[in-house]
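Visitor: Next comes protein.tsv, TSV, C-alpha atoms (C1' of nucleotides):
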```
chain	number	residue	atom	x	y	z
A	1	MET	CA	12.90	-8.08	-8.26
A	2	ASP	CA	13.54	-4.81	-9.98
A	3	ASN	CA	10.83	-3.22	-7.91
A	4	ALA	CA	13.61	-1.55	-6.00
A	5	LYS	CA	14.62	0.24	-9.17
A	6	LEU	CA	11.07	1.38	-9.76
A	7	LYS	CA	10.81	2.62	-6.21
A	8	LYS	CA	13.96	4.60	-6.59
A	9	GLN	CA	12.69	6.20	-9.78
A	10	VAL	CA	9.41	7.28	-8.25
A	11	LYS	CA	11.16	8.49	-5.14
A	12	ASP	CA	13.45	10.61	-7.25
A	13	LYS	CA	10.55	11.97	-9.20
A	14	PHE	CA	8.67	12.80	-6.03
A	15	THR	CA	11.72	14.43	-4.50
A	16	GLU	CA	12.14	16.58	-7.56
A	17	TYR	CA	8.47	17.54	-7.39
A	18	LEU	CA	8.66	18.43	-3.72
A	19	THR	CA	11.79	20.47	-4.22
A	20	PHE	CA	10.34	22.35	-7.14
A	21	HIS	CA	7.22	23.21	-5.18
A	22	ASN	CA	9.07	24.09	-2.00
A	23	CYS	CA	7.44	21.31	-0.07
A	24	ARG	CA	9.10	19.51	2.79
A	25	LYS	CA	10.49	16.05	2.37
A	26	THR	CA	8.87	14.42	5.34
A	27	PRO	CA	9.30	10.74	6.21
A	28	GLU	CA	5.53	10.28	6.01
A	29	ARG	CA	5.43	11.34	2.38
A	30	PHE	CA	8.17	8.97	1.31
A	31	ALA	CA	6.79	6.13	3.37
A	32	ILE	CA	3.39	6.52	1.75
A	33	LEU	CA	4.85	6.60	-1.74
A	34	ASP	CA	7.01	3.59	-0.98
A	35	HIS	CA	4.11	1.70	0.42
A	36	ILE	CA	1.93	2.44	-2.59
A	37	TYR	CA	4.63	1.14	-4.87
A	38	SER	CA	5.04	-2.00	-2.79
A	39	THR	CA	1.71	-3.42	-3.87
A	40	LYS	CA	-0.02	-3.66	-7.19
A	41	GLY	CA	-3.64	-2.99	-7.94
A	42	HIS	CA	-6.25	-0.60	-6.68
A	43	PHE	CA	-6.49	0.81	-3.22
A	44	ASP	CA	-8.52	3.36	-1.35
A	45	ILE	CA	-7.55	5.61	1.52
A	46	ASN	CA	-8.97	3.27	4.10
A	47	SER	CA	-7.18	0.18	2.85
A	48	LEU	CA	-3.98	2.16	2.53
A	49	TYR	CA	-4.43	3.41	6.08
A	50	LYS	CA	-4.96	-0.06	7.45
A	51	SER	CA	-2.10	-1.62	5.56
A	52	MET	CA	0.29	1.05	6.74
A	53	ILE	CA	-0.77	0.45	10.30
A	54	ASP	CA	-0.04	-3.24	9.70
A	55	ILE	CA	3.45	-2.28	8.62
A	56	ASN	CA	3.69	-0.44	11.92
A	57	PHE	CA	3.93	2.90	10.25
A	58	ARG	CA	1.61	5.33	11.92
A	59	VAL	CA	-0.01	7.95	9.72
A	60	SER	CA	-3.21	9.85	10.01
A	61	ARG	CA	-5.85	9.73	7.34
A	62	ALA	CA	-5.46	13.46	6.93
A	63	THR	CA	-1.85	12.99	5.91
A	64	LEU	CA	-2.83	10.24	3.51
A	65	TYR	CA	-5.30	12.55	1.84
A	66	ASN	CA	-2.75	15.33	1.68
A	67	THR	CA	-0.02	13.15	0.27
A	68	ILE	CA	-2.27	11.48	-2.27
A	69	GLU	CA	-3.13	14.93	-3.51
A	70	LEU	CA	0.53	15.63	-4.15
A	71	LEU	CA	1.06	12.27	-5.80
A	72	LEU	CA	-1.90	12.88	-8.08
A	73	ASP	CA	-0.55	16.26	-8.96
A	74	CYS	CA	2.85	14.95	-9.92
A	75	GLY	CA	1.36	12.05	-11.84
A	76	LEU	CA	2.62	9.19	-9.70
A	77	VAL	CA	-0.88	8.10	-8.76
A	78	VAL	CA	-4.17	8.09	-10.62
A	79	LYS	CA	-7.62	8.37	-9.10
A	80	HIS	CA	-10.74	6.48	-10.06
A	81	GLN	CA	-14.34	6.72	-9.00
A	82	PHE	CA	-15.99	3.61	-10.25
A	83	GLY	CA	-19.48	4.24	-9.02
A	84	GLY	CA	-19.61	3.90	-5.27
A	85	ASN	CA	-18.72	6.77	-3.02
A	86	VAL	CA	-15.14	5.82	-2.31
A	87	SER	CA	-12.31	7.02	-4.49
A	88	THR	CA	-9.86	4.36	-5.50
A	89	TYR	CA	-6.31	4.96	-6.57
A	90	GLU	CA	-3.66	3.24	-8.57
A	91	ARG	CA	0.05	3.54	-9.25
A	92	ALA	CA	0.62	5.47	-12.43
A	93	TYR	CA	4.34	5.29	-13.03
A	94	GLY	CA	5.46	2.31	-15.06
A	95	ASN	CA	1.87	1.19	-15.26
A	96	ASP	CA	0.65	0.66	-18.81
A	97	ASN	CA	-2.56	2.41	-19.61
A	98	HIS	CA	-5.46	0.04	-19.43
A	99	SER	CA	-9.23	0.16	-19.47
A	100	HIS	CA	-11.41	-0.91	-16.59
A	101	LEU	CA	-14.25	-3.37	-16.85
A	102	ILE	CA	-16.65	-2.57	-14.05
A	103	CYS	CA	-19.41	-4.99	-13.20
A	104	ILE	CA	-22.57	-3.07	-12.37
A	105	ALA	CA	-23.94	-6.08	-10.53
A	106	CYS	CA	-21.13	-6.97	-8.12
A	107	GLY	CA	-18.85	-3.95	-8.44
A	108	ASN	CA	-15.82	-6.01	-9.34
A	109	VAL	CA	-13.23	-4.25	-11.50
A	110	GLN	CA	-10.99	-6.00	-14.01
A	111	GLU	CA	-8.39	-4.41	-16.18
A	112	ILE	CA	-7.79	-4.93	-19.87
A	113	LYS	CA	-5.02	-3.65	-22.05
A	114	ASN	CA	-5.97	-1.07	-24.57
A	115	GLY	CA	-3.21	-0.80	-27.08
A	116	ASN	CA	-2.98	2.67	-28.42
A	117	LEU	CA	-6.60	3.48	-27.90
A	118	PHE	CA	-6.03	7.06	-27.08
A	119	ALA	CA	-3.20	7.90	-29.43
A	120	HIS	CA	-4.95	6.64	-32.49
A	121	ASN	CA	-8.41	7.90	-31.96
A	122	GLN	CA	-8.34	10.92	-29.83
A	123	GLN	CA	-5.14	12.77	-29.44
A	124	LYS	CA	-5.11	14.34	-32.84
A	125	LYS	CA	-8.66	15.56	-32.42
A	126	ILE	CA	-8.12	17.48	-29.22
A	127	LYS	CA	-7.40	21.12	-29.67
A	128	LYS	CA	-6.79	23.63	-26.94
A	129	PHE	CA	-6.45	21.04	-24.25
A	130	THR	CA	-3.26	19.71	-22.69
A	131	VAL	CA	-3.79	16.05	-21.90
A	132	HIS	CA	-2.30	14.67	-18.69
A	133	TYR	CA	-3.91	11.26	-18.62
A	134	TYR	CA	-7.08	9.46	-19.52
A	135	SER	CA	-9.23	6.63	-18.31
A	136	MET	CA	-11.62	4.35	-20.08
A	137	TYR	CA	-14.39	2.77	-18.03
A	138	ILE	CA	-16.51	0.00	-19.48
A	139	TYR	CA	-19.60	-0.90	-17.49
A	140	GLY	CA	-21.48	-4.14	-17.84
A	141	ILE	CA	-22.03	-7.58	-16.33
A	142	CYS	CA	-19.10	-9.82	-15.56
A	143	ASN	CA	-19.08	-13.48	-16.41
A	144	LYS	CA	-19.69	-14.59	-12.85
A	145	CYS	CA	-22.79	-12.43	-12.39
A	146	ASP	CA	-24.01	-13.40	-15.83
A	147	GLN	CA	-23.84	-17.08	-14.90
A	148	GLU	CA	-25.66	-16.48	-11.65
A	149	LYS	CA	-28.40	-14.60	-13.42
A	150	LYS	CA	-28.90	-17.39	-15.92
A	151	THR	CA	-29.07	-19.97	-13.17
A	152	LYS	CA	-31.53	-17.90	-11.23
A	153	THR	CA	-33.68	-17.42	-14.30
A	154	LYS	CA	-33.75	-21.15	-14.85
A	155	ASN	CA	-34.88	-21.88	-11.33
A	156	LEU	CA	-37.40	-19.10	-11.10
A	157	PRO	CA	-38.70	-18.78	-14.65
A	158	GLN	CA	-41.04	-15.94	-13.87
A	159	LYS	CA	-41.00	-13.51	-11.05
B	1	MET	CA	-38.82	20.51	-32.02
B	2	ASP	CA	-38.97	16.76	-32.16
B	3	ASN	CA	-38.04	16.63	-28.52
B	4	ALA	CA	-41.64	15.58	-27.90
B	5	LYS	CA	-40.98	12.47	-29.92
B	6	LEU	CA	-37.86	11.71	-27.92
B	7	LYS	CA	-39.73	12.21	-24.68
B	8	LYS	CA	-42.42	9.82	-25.78
B	9	GLN	CA	-39.84	7.20	-26.66
B	10	VAL	CA	-38.11	7.38	-23.32
B	11	LYS	CA	-41.41	7.44	-21.48
B	12	ASP	CA	-42.45	4.28	-23.29
B	13	LYS	CA	-39.17	2.65	-22.52
B	14	PHE	CA	-39.43	3.59	-18.87
B	15	THR	CA	-43.03	2.37	-18.67
B	16	GLU	CA	-42.00	-0.93	-20.12
B	17	TYR	CA	-39.17	-1.19	-17.61
B	18	LEU	CA	-41.44	-0.37	-14.67
B	19	THR	CA	-44.06	-2.85	-15.80
B	20	PHE	CA	-41.52	-5.60	-16.26
B	21	HIS	CA	-40.11	-5.03	-12.81
B	22	ASN	CA	-43.48	-4.68	-11.11
B	23	CYS	CA	-42.77	-1.13	-10.12
B	24	ARG	CA	-45.46	1.51	-9.77
B	25	LYS	CA	-45.93	4.16	-12.37
B	26	THR	CA	-45.97	7.16	-10.12
B	27	PRO	CA	-46.32	10.74	-11.37
B	28	GLU	CA	-43.03	11.60	-9.69
B	29	ARG	CA	-41.12	9.07	-11.76
B	30	PHE	CA	-42.49	10.29	-15.04
B	31	ALA	CA	-42.10	13.93	-14.09
B	32	ILE	CA	-38.45	13.36	-13.25
B	33	LEU	CA	-37.78	11.53	-16.50
B	34	ASP	CA	-39.57	14.21	-18.47
B	35	HIS	CA	-37.66	16.94	-16.72
B	36	ILE	CA	-34.33	15.27	-17.36
B	37	TYR	CA	-35.15	15.03	-21.04
B	38	SER	CA	-36.21	18.66	-21.16
B	39	THR	CA	-32.68	19.92	-20.77
B	40	LYS	CA	-29.40	18.94	-22.31
B	41	GLY	CA	-26.10	18.53	-20.60
B	42	HIS	CA	-24.93	17.35	-17.25
B	43	PHE	CA	-26.79	17.66	-14.00
B	44	ASP	CA	-26.45	16.53	-10.43
B	45	ILE	CA	-29.12	15.66	-7.91
B	46	ASN	CA	-29.05	19.07	-6.35
B	47	SER	CA	-29.42	20.99	-9.59
B	48	LEU	CA	-32.17	18.63	-10.65
B	49	TYR	CA	-33.91	19.15	-7.34
B	50	LYS	CA	-33.73	22.91	-7.60
B	51	SER	CA	-34.86	23.05	-11.19
B	52	MET	CA	-37.85	20.84	-10.44
B	53	ILE	CA	-38.81	23.10	-7.60
B	54	ASP	CA	-38.59	26.01	-10.04
B	55	ILE	CA	-41.03	24.18	-12.30
B	56	ASN	CA	-43.28	23.96	-9.26
B	57	PHE	CA	-43.02	20.22	-9.08
B	58	ARG	CA	-42.31	19.17	-5.55
B	59	VAL	CA	-40.13	16.11	-5.09
B	60	SER	CA	-37.87	15.02	-2.30
B	61	ARG	CA	-34.24	14.35	-2.83
B	62	ALA	CA	-34.85	10.78	-1.67
B	63	THR	CA	-37.22	10.23	-4.56
B	64	LEU	CA	-34.74	11.75	-6.96
B	65	TYR	CA	-32.07	9.32	-5.80
B	66	ASN	CA	-34.50	6.42	-6.05
B	67	THR	CA	-35.68	7.34	-9.49
B	68	ILE	CA	-32.23	8.01	-10.85
B	69	GLU	CA	-31.30	4.54	-9.74
B	70	LEU	CA	-34.09	3.10	-11.86
B	71	LEU	CA	-33.17	5.27	-14.82
B	72	LEU	CA	-29.57	4.15	-14.59
B	73	ASP	CA	-30.67	0.56	-14.44
B	74	CYS	CA	-32.79	0.82	-17.55
B	75	GLY	CA	-30.13	2.75	-19.41
B	76	LEU	CA	-31.94	6.05	-19.82
B	77	VAL	CA	-29.41	7.93	-17.75
B	78	VAL	CA	-25.68	7.60	-17.31
B	79	LYS	CA	-23.68	8.52	-14.23
B	80	HIS	CA	-20.32	10.23	-14.08
B	81	GLN	CA	-17.95	11.02	-11.25
B	82	PHE	CA	-15.47	13.45	-12.62
B	83	GLY	CA	-13.35	13.93	-9.56
B	84	GLY	CA	-15.21	16.02	-7.04
B	85	ASN	CA	-17.59	14.43	-4.60
B	86	VAL	CA	-20.80	14.96	-6.52
B	87	SER	CA	-22.10	12.46	-9.00
B	88	THR	CA	-23.24	14.00	-12.23
B	89	TYR	CA	-25.68	12.48	-14.64
B	90	GLU	CA	-26.55	12.72	-18.27
B	91	ARG	CA	-29.31	11.61	-20.63
B	92	ALA	CA	-28.31	8.42	-22.36
B	93	TYR	CA	-31.04	7.79	-24.88
B	94	GLY	CA	-30.46	9.40	-28.26
B	95	ASN	CA	-27.23	10.83	-26.95
B	96	ASP	CA	-24.20	9.99	-29.07
B	97	ASN	CA	-21.34	8.55	-27.14
B	98	HIS	CA	-18.71	11.13	-26.45
B	99	SER	CA	-15.59	11.54	-24.39
B	100	HIS	CA	-15.19	14.03	-21.61
B	101	LEU	CA	-12.36	16.50	-21.32
B	102	ILE	CA	-11.99	17.35	-17.67
B	103	CYS	CA	-9.84	20.27	-16.60
B	104	ILE	CA	-7.95	19.35	-13.45
B	105	ALA	CA	-7.38	23.03	-12.71
B	106	CYS	CA	-10.89	24.47	-12.91
B	107	GLY	CA	-13.02	21.34	-13.06
B	108	ASN	CA	-14.76	22.35	-16.25
B	109	VAL	CA	-15.98	19.50	-18.43
B	110	GLN	CA	-16.25	19.62	-22.21
B	111	GLU	CA	-17.45	16.90	-24.49
B	112	ILE	CA	-15.86	15.68	-27.69
B	113	LYS	CA	-17.15	13.21	-30.20
B	114	ASN	CA	-15.35	9.96	-30.36
B	115	GLY	CA	-16.35	8.21	-33.52
B	116	ASN	CA	-16.35	4.52	-33.03
B	117	LEU	CA	-13.69	4.54	-30.38
B	118	PHE	CA	-15.08	1.63	-28.54
B	119	ALA	CA	-16.27	-0.52	-31.40
B	120	HIS	CA	-12.98	-0.48	-33.22
B	121	ASN	CA	-10.57	-0.90	-30.42
B	122	GLN	CA	-12.20	-2.66	-27.60
B	123	GLN	CA	-15.33	-4.58	-28.23
B	124	LYS	CA	-13.70	-7.47	-30.01
B	125	LYS	CA	-11.16	-7.89	-27.24
B	126	ILE	CA	-13.61	-8.28	-24.41
B	127	LYS	CA	-14.46	-11.82	-23.54
B	128	LYS	CA	-16.78	-12.95	-20.80
B	129	PHE	CA	-18.18	-9.52	-20.18
B	130	THR	CA	-21.47	-8.08	-21.38
B	131	VAL	CA	-20.95	-4.41	-22.11
B	132	HIS	CA	-23.75	-1.99	-21.22
B	133	TYR	CA	-22.00	1.29	-21.81
B	134	TYR	CA	-18.62	2.92	-21.52
B	135	SER	CA	-17.10	6.28	-20.75
B	136	MET	CA	-13.85	7.86	-21.70
B	137	TYR	CA	-12.45	10.54	-19.41
B	138	ILE	CA	-9.54	12.67	-20.49
B	139	TYR	CA	-7.92	14.77	-17.79
B	140	GLY	CA	-5.73	17.77	-18.43
B	141	ILE	CA	-5.60	21.54	-18.55
B	142	CYS	CA	-8.14	23.47	-20.58
B	143	ASN	CA	-7.19	26.35	-22.79
B	144	LYS	CA	-8.46	28.97	-20.40
B	145	CYS	CA	-6.45	27.70	-17.44
B	146	ASP	CA	-3.43	27.23	-19.67
B	147	GLN	CA	-3.56	30.87	-20.71
B	148	GLU	CA	-3.91	32.03	-17.13
B	149	LYS	CA	-0.94	29.96	-16.08
B	150	LYS	CA	1.22	31.41	-18.82
B	151	THR	CA	0.22	34.94	-17.88
B	152	LYS	CA	0.92	34.29	-14.25
B	153	THR	CA	4.29	32.83	-15.07
B	154	LYS	CA	5.20	35.91	-17.07
B	155	ASN	CA	4.35	38.24	-14.24
B	156	LEU	CA	5.99	36.20	-11.53
B	157	PRO	CA	8.93	34.58	-13.31
B	158	GLN	CA	10.14	32.64	-10.29
B	159	LYS	CA	8.33	31.70	-7.17
C	1	DA	C1'	-57.49	-3.40	0.73
C	2	DT	C1'	-52.61	-4.05	0.08
C	3	DG	C1'	-48.15	-2.96	0.03
C	4	DT	C1'	-45.00	0.04	-2.76
C	5	DA	C1'	-43.35	4.81	-3.12
C	6	DT	C1'	-43.00	9.23	-1.18
C	7	DG	C1'	-41.22	12.85	1.99
C	8	DC	C1'	-39.08	14.12	5.91
C	9	DA	C1'	-35.51	13.99	9.11
C	10	DA	C1'	-31.98	11.54	11.07
C	11	DA	C1'	-27.98	8.65	10.18
C	12	DC	C1'	-23.94	7.53	7.60
C	13	DC	C1'	-19.45	7.93	6.11
C	14	DA	C1'	-15.78	9.55	2.97
C	15	DT	C1'	-13.47	13.61	2.84
C	16	DT	C1'	-12.18	18.25	4.53
C	17	DT	C1'	-10.98	21.53	7.93
C	18	DG	C1'	-9.16	23.92	12.27
C	19	DC	C1'	-5.77	24.04	15.38
C	20	DA	C1'	-2.14	22.81	18.66
C	21	DA	C1'	2.09	20.23	18.61
C	22	DT	C1'	5.93	18.48	15.86
C	23	DG	C1'	9.88	18.60	13.21
C	24	DA	C1'	12.18	19.83	8.37
C	25	DC	C1'	14.79	23.49	6.86
D	1	DG	C1'	13.91	29.80	15.15
D	2	DT	C1'	10.28	29.52	11.45
D	3	DC	C1'	6.73	27.90	9.38
D	4	DA	C1'	5.02	23.87	6.75
D	5	DT	C1'	3.27	19.43	8.07
D	6	DT	C1'	1.31	16.22	11.10
D	7	DG	C1'	-2.42	14.16	13.90
D	8	DC	C1'	-6.47	14.50	16.17
D	9	DA	C1'	-11.13	15.59	16.46
D	10	DA	C1'	-14.80	18.14	14.84
D	11	DA	C1'	-17.29	19.77	10.75
D	12	DT	C1'	-19.03	19.16	6.16
D	13	DG	C1'	-21.98	17.51	2.72
D	14	DG	C1'	-23.48	14.13	-0.62
D	15	DT	C1'	-25.98	10.03	-0.20
D	16	DT	C1'	-28.62	6.50	2.34
D	17	DT	C1'	-31.90	4.93	5.59
D	18	DG	C1'	-36.08	4.45	8.75
D	19	DC	C1'	-40.55	5.22	9.28
D	20	DA	C1'	-45.19	7.24	9.05
D	21	DT	C1'	-48.22	8.76	5.39
D	22	DA	C1'	-50.00	8.74	0.70
D	23	DC	C1'	-51.49	6.51	-3.21
D	24	DA	C1'	-51.00	3.12	-7.43
D	25	DT	C1'	-52.88	-1.15	-8.19
```
As structure tokens, what does this structure read like?
Guide:
Amino acid sequence: MDNAKLKKQVKDKFTEYLTFHNCRKTPERFAILDHIYSTKGHFDINSLYKSMIDINFRVSRATLYNTIELLLDCGLVVKHQFGGNVSTYERAYGNDNHSHLICIACGNVQEIKNGNLFAHNQQKKIKKFTVHYYSMYIYGICNKCDQEKKTKTKNLPQK
Amino acid sequence: MDNAKLKKQVKDKFTEYLTFHNCRKTPERFAILDHIYSTKGHFDINSLYKSMIDINFRVSRATLYNTIELLLDCGLVVKHQFGGNVSTYERAYGNDNHSHLICIACGNVQEIKNGNLFAHNQQKKIKKFTVHYYSMYIYGICNKCDQEKKTKTKNLPQK
DNA sequence: ATGTATGCAAACCATTTGCAATGAC
DNA sequence: GTCATTGCAAATGGTTTGCATACAT
């Protein structure tokens, strides 16, 4: 897999960022970055914490929060808040921009590609604002919940 | 102002929703809805709470949370989580869809119109998902913070 | 009369903070 | 040797919950 290549690129980028900002290059920081780029998809601090413990790498939650902050700042990670009260995160480097379909019934999140959504419709209209990134969230009912609702309605016509 | 007309429409819609779901039509619920539609822009539970107290209408935060939940469910209010740990809300009825420009330096949020962003680019691509609403969040640096940064950089060339 | 909705206060829990110990430089 | 960073535990604060009371139906 060329995931190794990707990991090297993000590590280099992070190193550069840390150097530029006079931050220390601690093993924790690189381990966290590496771990994030070892798995695809969304994660939250708690799942990250647990999966690093599984890998036998001990970190505190405090350090995870600190490091995520740096990774957000240097654009290697993106943060989402889909509706609950946990923040979820996602790799940002080498990750095509996509929209999120969020089911308001079950909370499940799917991703869909979104071509050049932003470039075509928005970018030219924005004055006096330097864009770093953007996120499109589409809320509704997923197929699974929709089916369940229909079934339920059939069985219990009125409530 | 024809805000009275708008208020009547949302009240009717809410009444219909409450009736359909066998929920009680309490004065608190209508007062909250009315209050929300008396002011434009974003609000959070705390600011709503305080401004209702100012109006001499006593409600508990618990009731605000409960009622907001109903209003979200019937589409009269939309929820945003811009990055901090407070949820902010916004009127949804009669409110043109717009994107949000969120400054990652100062947290300020501006709105911009977004034509038919969704209709043109996304709707046709979504299968097996019933869309209720969508939100576009654009993160970056606002003009004000950008100016400050430049000034700072001039004064302190290196750090 | 019945049971839902309210208000209060306590509980919850993700995130933040303070501080002593560690370790990158 | 310094001082930023870590880890732990305590604090914070938005949101949720439990329960007695009020009130819509």
Visitor: Using all atoms listed in the file, I'd like every residue of chain B that has an atom within 10 Å of chain C; please write them out as a ChimeraX atom specification.
Guide: /B:22-26,28-29,58-63,66,85
Visitor: At a cut-off of 10 Å, which residues of chain D touch chain B? Count only C-alpha atoms (C1' of nucleotides) and give the answer as a PDB file with C-alpha atoms (C1' of nucleotides), in the coordinates of the input.
Guide:
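Result file is selection06.pdb:
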```
ATOM      1  C1'  DG D  13     -21.980  17.510   2.720  1.00  0.00           C
ATOM      2  C1'  DG D  14     -23.480  14.130  -0.620  1.00  0.00           C
ATOM      3  C1'  DT D  15     -25.980  10.030  -0.200  1.00  0.00           C
ATOM      4  C1'  DT D  16     -28.620   6.500   2.340  1.00  0.00           C
ATOM      5  C1'  DT D  17     -31.900   4.930   5.590  1.00  0.00           C
ATOM      6  C1'  DC D  23     -51.490   6.510  -3.210  1.00  0.00           C
ATOM      7  C1'  DA D  24     -51.000   3.120  -7.430  1.00  0.00           C
ATOM      8  C1'  DT D  25     -52.880  -1.150  -8.190  1.00  0.00           C
TER       9       DT D  25
END
```
Visitor: Residues of chain B within 10 Å of chain A, counting all atoms listed in the file - could you list those as an MDAnalysis selection string?
Guide: chainID B and resid 20:22 73 79:87 99:104 112:118 120:123 125:146 159
Visitor: Please report the interatomic distance between CA of Asp34 (chain A) and CA of Gln9 (chain A) in Å with one decimal.
Guide: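 Straight-line distance from CA of Asp34 (chain A) to CA of Gln9 (chain A) works out to 10.8 Å.
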Visitor: What's the separation between CA of Glu90 (chain A) and CA of Asn97 (chain B), in Å to one decimal place?
Guide: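 So the answer is 26.2 Å.
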Visitor: Taking only C-alpha atoms into account, name the residue in A:Ile53, A:Glu111, A:Leu76, A:Ser47 that is nearest to Thr15 (chain A).
Guide: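 Between A:Ile53, A:Glu111, A:Leu76, A:Ser47, the residue approaching Thr15 (chain A) most closely is A:Leu76.
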Visitor: In Å, with one decimal, what is the gap from CA of Val77 (chain B) to CA of Tyr93 (chain B)?
Guide: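 Atom-to-atom, CA of Val77 (chain B) and CA of Tyr93 (chain B) are spaced 7.3 Å apart.
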Visitor: Take the structure in the block and write a file for region 18-32 of chain A, N, CA, C and O atoms, as a JSON list (two decimals), in the first residue's frame.
Guide:
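So part_39.json came out as:
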```json
[["chain", "number", "residue", "atom", "x", "y", "z"],
["A", 18, "LEU", "N", 5.49, 22.19, 13.12],
["A", 18, "LEU", "CA", 6.01, 22.25, 14.49],
["A", 18, "LEU", "C", 7.27, 23.11, 14.55],
["A", 18, "LEU", "O", 7.44, 23.93, 15.47],
["A", 19, "THR", "N", 8.13, 22.92, 13.58],
["A", 19, "THR", "CA", 9.36, 23.70, 13.53],
["A", 19, "THR", "C", 9.05, 25.20, 13.42],
["A", 19, "THR", "O", 9.55, 26.01, 14.19],
["A", 20, "PHE", "N", 8.19, 25.49, 12.48],
["A", 20, "PHE", "CA", 7.84, 26.89, 12.22],
["A", 20, "PHE", "C", 7.26, 27.56, 13.46],
["A", 20, "PHE", "O", 7.50, 28.74, 13.71],
["A", 21, "HIS", "N", 6.49, 26.79, 14.22],
["A", 21, "HIS", "CA", 5.85, 27.37, 15.40],
["A", 21, "HIS", "C", 6.63, 27.13, 16.69],
["A", 21, "HIS", "O", 6.08, 27.34, 17.78],
["A", 22, "ASN", "N", 7.86, 26.69, 16.55],
["A", 22, "ASN", "CA", 8.69, 26.44, 17.72],
["A", 22, "ASN", "C", 8.06, 25.49, 18.72],
["A", 22, "ASN", "O", 8.11, 25.72, 19.93],
["A", 23, "CYS", "N", 7.43, 24.46, 18.17],
["A", 23, "CYS", "CA", 6.86, 23.45, 19.06],
["A", 23, "CYS", "C", 7.77, 22.23, 19.07],
["A", 23, "CYS", "O", 8.49, 21.97, 18.11],
["A", 24, "ARG", "N", 7.70, 21.49, 20.16],
["A", 24, "ARG", "CA", 8.57, 20.33, 20.27],
["A", 24, "ARG", "C", 8.03, 19.15, 19.49],
["A", 24, "ARG", "O", 6.84, 18.94, 19.39],
["A", 25, "LYS", "N", 8.97, 18.39, 18.98],
["A", 25, "LYS", "CA", 8.59, 17.20, 18.20],
["A", 25, "LYS", "C", 8.58, 15.99, 19.11],
["A", 25, "LYS", "O", 9.50, 15.18, 19.11],
["A", 26, "THR", "N", 7.51, 15.87, 19.86],
["A", 26, "THR", "CA", 7.43, 14.77, 20.83],
["A", 26, "THR", "C", 6.94, 13.50, 20.15],
["A", 26, "THR", "O", 6.21, 13.55, 19.17],
["A", 27, "PRO", "N", 7.35, 12.36, 20.71],
["A", 27, "PRO", "CA", 6.88, 11.07, 20.16],
["A", 27, "PRO", "C", 5.35, 10.96, 20.18],
["A", 27, "PRO", "O", 4.77, 10.39, 19.26],
["A", 28, "GLU", "N", 4.72, 11.49, 21.21],
["A", 28, "GLU", "CA", 3.26, 11.44, 21.29],
["A", 28, "GLU", "C", 2.63, 12.08, 20.05],
["A", 28, "GLU", "O", 1.74, 11.51, 19.43],
["A", 29, "ARG", "N", 3.09, 13.24, 19.70],
["A", 29, "ARG", "CA", 2.50, 13.96, 18.57],
["A", 29, "ARG", "C", 2.59, 13.16, 17.28],
["A", 29, "ARG", "O", 1.62, 13.05, 16.54],
["A", 30, "PHE", "N", 3.76, 12.58, 17.04],
["A", 30, "PHE", "CA", 3.91, 11.82, 15.79],
["A", 30, "PHE", "C", 3.13, 10.51, 15.84],
["A", 30, "PHE", "O", 2.59, 10.07, 14.83],
["A", 31, "ALA", "N", 3.08, 9.92, 17.02],
["A", 31, "ALA", "CA", 2.32, 8.67, 17.13],
["A", 31, "ALA", "C", 0.84, 8.91, 16.88],
["A", 31, "ALA", "O", 0.17, 8.12, 16.22],
["A", 32, "ILE", "N", 0.34, 10.02, 17.38],
["A", 32, "ILE", "CA", -1.07, 10.34, 17.19],
["A", 32, "ILE", "C", -1.36, 10.59, 15.71],
["A", 32, "ILE", "O", -2.30, 10.04, 15.14]]
```
